[in-house]
>>> print(open('entry30.txt').read())   # compact mmCIF, C-alpha atoms
# COMPACT_ATOMS: atom_id res chain seq x y z
CA MET V 1094 3.74 27.39 20.48
CA ILE V 1095 3.60 24.52 22.89
CA SER V 1096 2.21 22.03 20.33
CA CYS V 1097 5.32 22.40 18.12
CA GLN V 1098 8.03 21.79 20.72
CA ASN V 1099 9.12 18.40 19.32
CA PHE V 1100 8.91 19.33 15.65
CA GLY V 1101 11.54 17.51 13.58
CA GLN V 1102 12.47 14.98 16.23
CA LEU V 1103 11.63 11.78 14.38
CA ASN V 1104 13.13 8.34 14.86
CA ILE V 1105 13.75 6.10 11.85
CA LEU V 1106 12.23 2.71 12.56
CA ALA V 1107 13.14 1.01 9.29
CA ASP V 1108 14.48 1.59 5.79
CA LEU V 1109 12.43 0.15 2.96
CA PRO V 1110 14.07 -1.93 0.22
CA ASN V 1111 14.44 -0.60 -3.34
CA GLU V 1112 11.39 -2.61 -4.50
CA LEU V 1113 9.32 -0.18 -2.44
CA LYS V 1114 10.64 3.03 -3.92
CA GLU V 1115 7.28 4.72 -4.49
CA VAL V 1116 4.81 3.46 -1.87
CA SER V 1117 1.41 5.05 -2.26
CA GLY V 1118 -0.73 2.92 0.06
CA THR V 1119 -0.33 0.97 3.29
CA GLU V 1120 -2.68 -1.13 5.39
CA VAL V 1121 -2.43 -3.39 8.44
CA LEU V 1122 -4.91 -6.20 8.92
CA ARG V 1123 -6.43 -6.70 12.34
CA ASN V 1124 -4.34 -9.07 14.54
CA SER V 1125 -1.40 -8.96 12.12
CA ASN V 1126 2.12 -7.60 12.28
CA ILE V 1127 2.50 -7.43 8.50
CA ILE V 1128 2.21 -4.03 6.81
CA TRP V 1129 0.75 -4.36 3.30
CA MET V 1130 2.06 -1.88 0.73
CA ILE V 1131 1.59 -1.00 -2.93
CA ASN V 1132 3.68 1.17 -5.21
CA ASP V 1133 2.28 4.02 -7.27
CA GLY V 1134 1.36 3.72 -10.95
CA GLY V 1135 3.95 2.63 -13.48
CA ASN V 1136 5.38 0.03 -11.10
CA LYS V 1137 4.75 -3.70 -10.94
CA SER V 1138 1.28 -4.91 -9.97
CA THR V 1139 2.46 -6.34 -6.68
CA LEU V 1140 1.12 -6.28 -3.15
CA PHE V 1141 3.98 -6.41 -0.66
CA GLY V 1142 3.79 -7.74 2.90
CA VAL V 1143 6.45 -5.99 4.95
CA SER V 1144 7.67 -6.57 8.51
CA GLU V 1145 7.83 -3.80 11.08
CA LYS V 1146 11.59 -3.76 10.41
CA GLY V 1147 11.04 -2.99 6.71
CA LYS V 1148 11.81 -6.46 5.31
CA ILE V 1149 9.61 -7.87 2.53
CA LYS V 1150 7.99 -11.06 3.85
CA LYS V 1151 5.44 -11.71 1.07
CA GLU V 1152 4.86 -10.62 -2.52
CA ILE V 1153 1.53 -11.20 -4.22
CA GLU V 1154 1.27 -10.53 -7.95
CA ILE V 1155 -2.05 -8.88 -8.79
CA LYS V 1156 -3.51 -9.73 -12.19
CA ALA V 1157 -4.50 -6.15 -12.98
CA LYS V 1158 -2.52 -3.27 -14.43
CA ASN V 1159 -1.13 -0.74 -12.00
CA THR V 1160 -2.35 2.28 -13.94
CA ASP V 1161 -2.18 4.56 -10.91
CA TRP V 1162 -2.65 2.71 -7.63
CA GLU V 1163 -3.17 5.12 -4.79
CA ASP V 1164 -4.45 3.44 -1.64
CA LEU V 1165 -5.31 0.23 0.23
CA THR V 1166 -8.02 -0.71 2.67
CA THR V 1167 -9.50 -3.88 4.18
CA ASP V 1168 -12.83 -5.11 5.43
CA GLU V 1169 -13.68 -7.08 8.58
CA LYS V 1170 -13.02 -10.39 6.76
CA GLY V 1171 -9.45 -9.42 5.83
CA THR V 1172 -10.20 -8.80 2.17
CA ILE V 1173 -7.87 -6.21 0.66
CA TYR V 1174 -9.07 -3.52 -1.75
CA ILE V 1175 -6.70 -1.56 -4.00
CA GLY V 1176 -7.69 1.89 -5.20
CA ASN V 1177 -6.68 2.22 -8.87
CA PHE V 1178 -8.01 5.74 -9.10
CA GLY V 1179 -5.05 8.09 -9.34
CA ASN V 1180 -6.03 10.87 -11.71
CA ASN V 1181 -3.60 13.77 -11.42
CA THR V 1182 -4.53 15.31 -14.77
CA ASN V 1183 -8.25 14.53 -14.42
CA SER V 1184 -8.14 12.66 -17.72
CA ARG V 1185 -8.83 9.07 -16.60
CA LYS V 1186 -12.25 7.60 -17.16
CA ASN V 1187 -11.54 4.06 -15.92
CA LEU V 1188 -11.19 4.60 -12.16
CA ARG V 1189 -11.52 1.32 -10.26
CA ILE V 1190 -11.35 -0.37 -6.89
CA LEU V 1191 -9.82 -3.84 -7.11
CA LYS V 1192 -11.01 -6.49 -4.65
CA MET V 1193 -8.76 -9.43 -3.86
CA ILE V 1194 -10.64 -12.69 -4.25
CA LYS V 1195 -8.82 -14.49 -1.44
CA SER V 1196 -8.39 -13.02 2.00
CA ILE V 1197 -4.84 -12.88 3.30
>>> encode(input="entry30.txt", output="structure tokens")
Amino acid sequence: MISCQNFGQLNILADLPNELKEVSGTEVLRNSNIIWMINDGGNKSTLFGVSEKGKIKKEIEIKAKNTDWEDLTTDEKGTIYIGNFGNNTNSRKNLRILKMIKSI
């Protein structure tokens, strides 16, 4: 198959630090070179700003429990939204989307 000729030929661009051991969401704001990341549930409630080389440049503590954070997105104003809606066992009833009050 022609479409699979380069399968497995990946280049490592960066290694992430130990603080980012279970990343479950990433987002890049328009006109920014910072990659925003969150860890999955059970980790600290922190939003990490990471360089393209994998170095943590910013850490923002979020005043909400990381029950099971799964994804990030932004709007046109640069507001970040965190999806606290992981539900692997389909037992959660408190699924939420967190909106950061201040744009980054």
>>> residues_around(input="entry30.txt", residues="Lys1170 (chain V)", least_positions_apart="4", cutoff="12 Å", atoms="all atoms listed in the file", output="list in words")
Leu1122, Arg1123, Asn1124, Thr1166, Tyr1174, Met1193, Ile1194, Lys1195, Ser1196 and Ile1197 of chain V
>>> closest_residue(input="entry30.txt", among="V:Ile1190, V:Val1121, V:Leu1106, V:Leu1113", to="Phe1141 (chain V)", atoms="only C-alpha atoms")
V:Leu1113
>>> closest_residue(input="entry30.txt", among="V:Ile1175, V:Leu1191, V:Val1116, V:Ala1107", to="Ser1144 (chain V)", atoms="only C-alpha atoms")
V:Ala1107
>>> closest_residue(input="entry30.txt", among="V:Leu1188, V:Ile1173, V:Ala1157, V:Leu1165", to="Met1130 (chain V)", atoms="all atoms listed in the file")
V:Leu1165
>>> residues_around(input="entry30.txt", residues="Thr1160 (chain V)", least_positions_apart="3", cutoff="12 Å", atoms="all atoms listed in the file", output="count of residues only")
23
>>> atom_distance(input="entry30.txt", atom1="CA of Glu1112 (chain V)", atom2="CA of Glu1154 (chain V)")
13.3 Å
>>> closest_residue(input="entry30.txt", among="V:Ile1128, V:Ser1184, V:Ile1105, V:Ser1117", to="Val1143 (chain V)", atoms="all atoms listed in the file")
V:Ile1128
>>> closest_residue(input="entry30.txt", among="V:Glu1120, V:Glu1169, V:Asp1108, V:Asp1164", to="Lys1148 (chain V)", atoms="all atoms listed in the file")
V:Asp1108
>>> axis_aligned_box(input="entry30.txt", around="region 1121-1139 of chain V", padding_each_side="8 Å", output="JSON")
{"center_x": -0.5, "center_y": -2.5, "center_z": 0.5, "size_x": 27.8, "size_y": 29.1, "size_z": 44.0}
>>> closest_residue(input="entry30.txt", among="V:Thr1172, V:Ser1125, V:Trp1162, V:Leu1109", to="Lys1146 (chain V)", atoms="all atoms listed in the file")
V:Leu1109
>>> atom_distance(input="entry30.txt", atom1="CA of Asp1168 (chain V)", atom2="CA of Glu1145 (chain V)")
21.5 Å
>>> atom_distance(input="entry30.txt", atom1="CA of Lys1156 (chain V)", atom2="CA of Ile1127 (chain V)")
21.7 Å
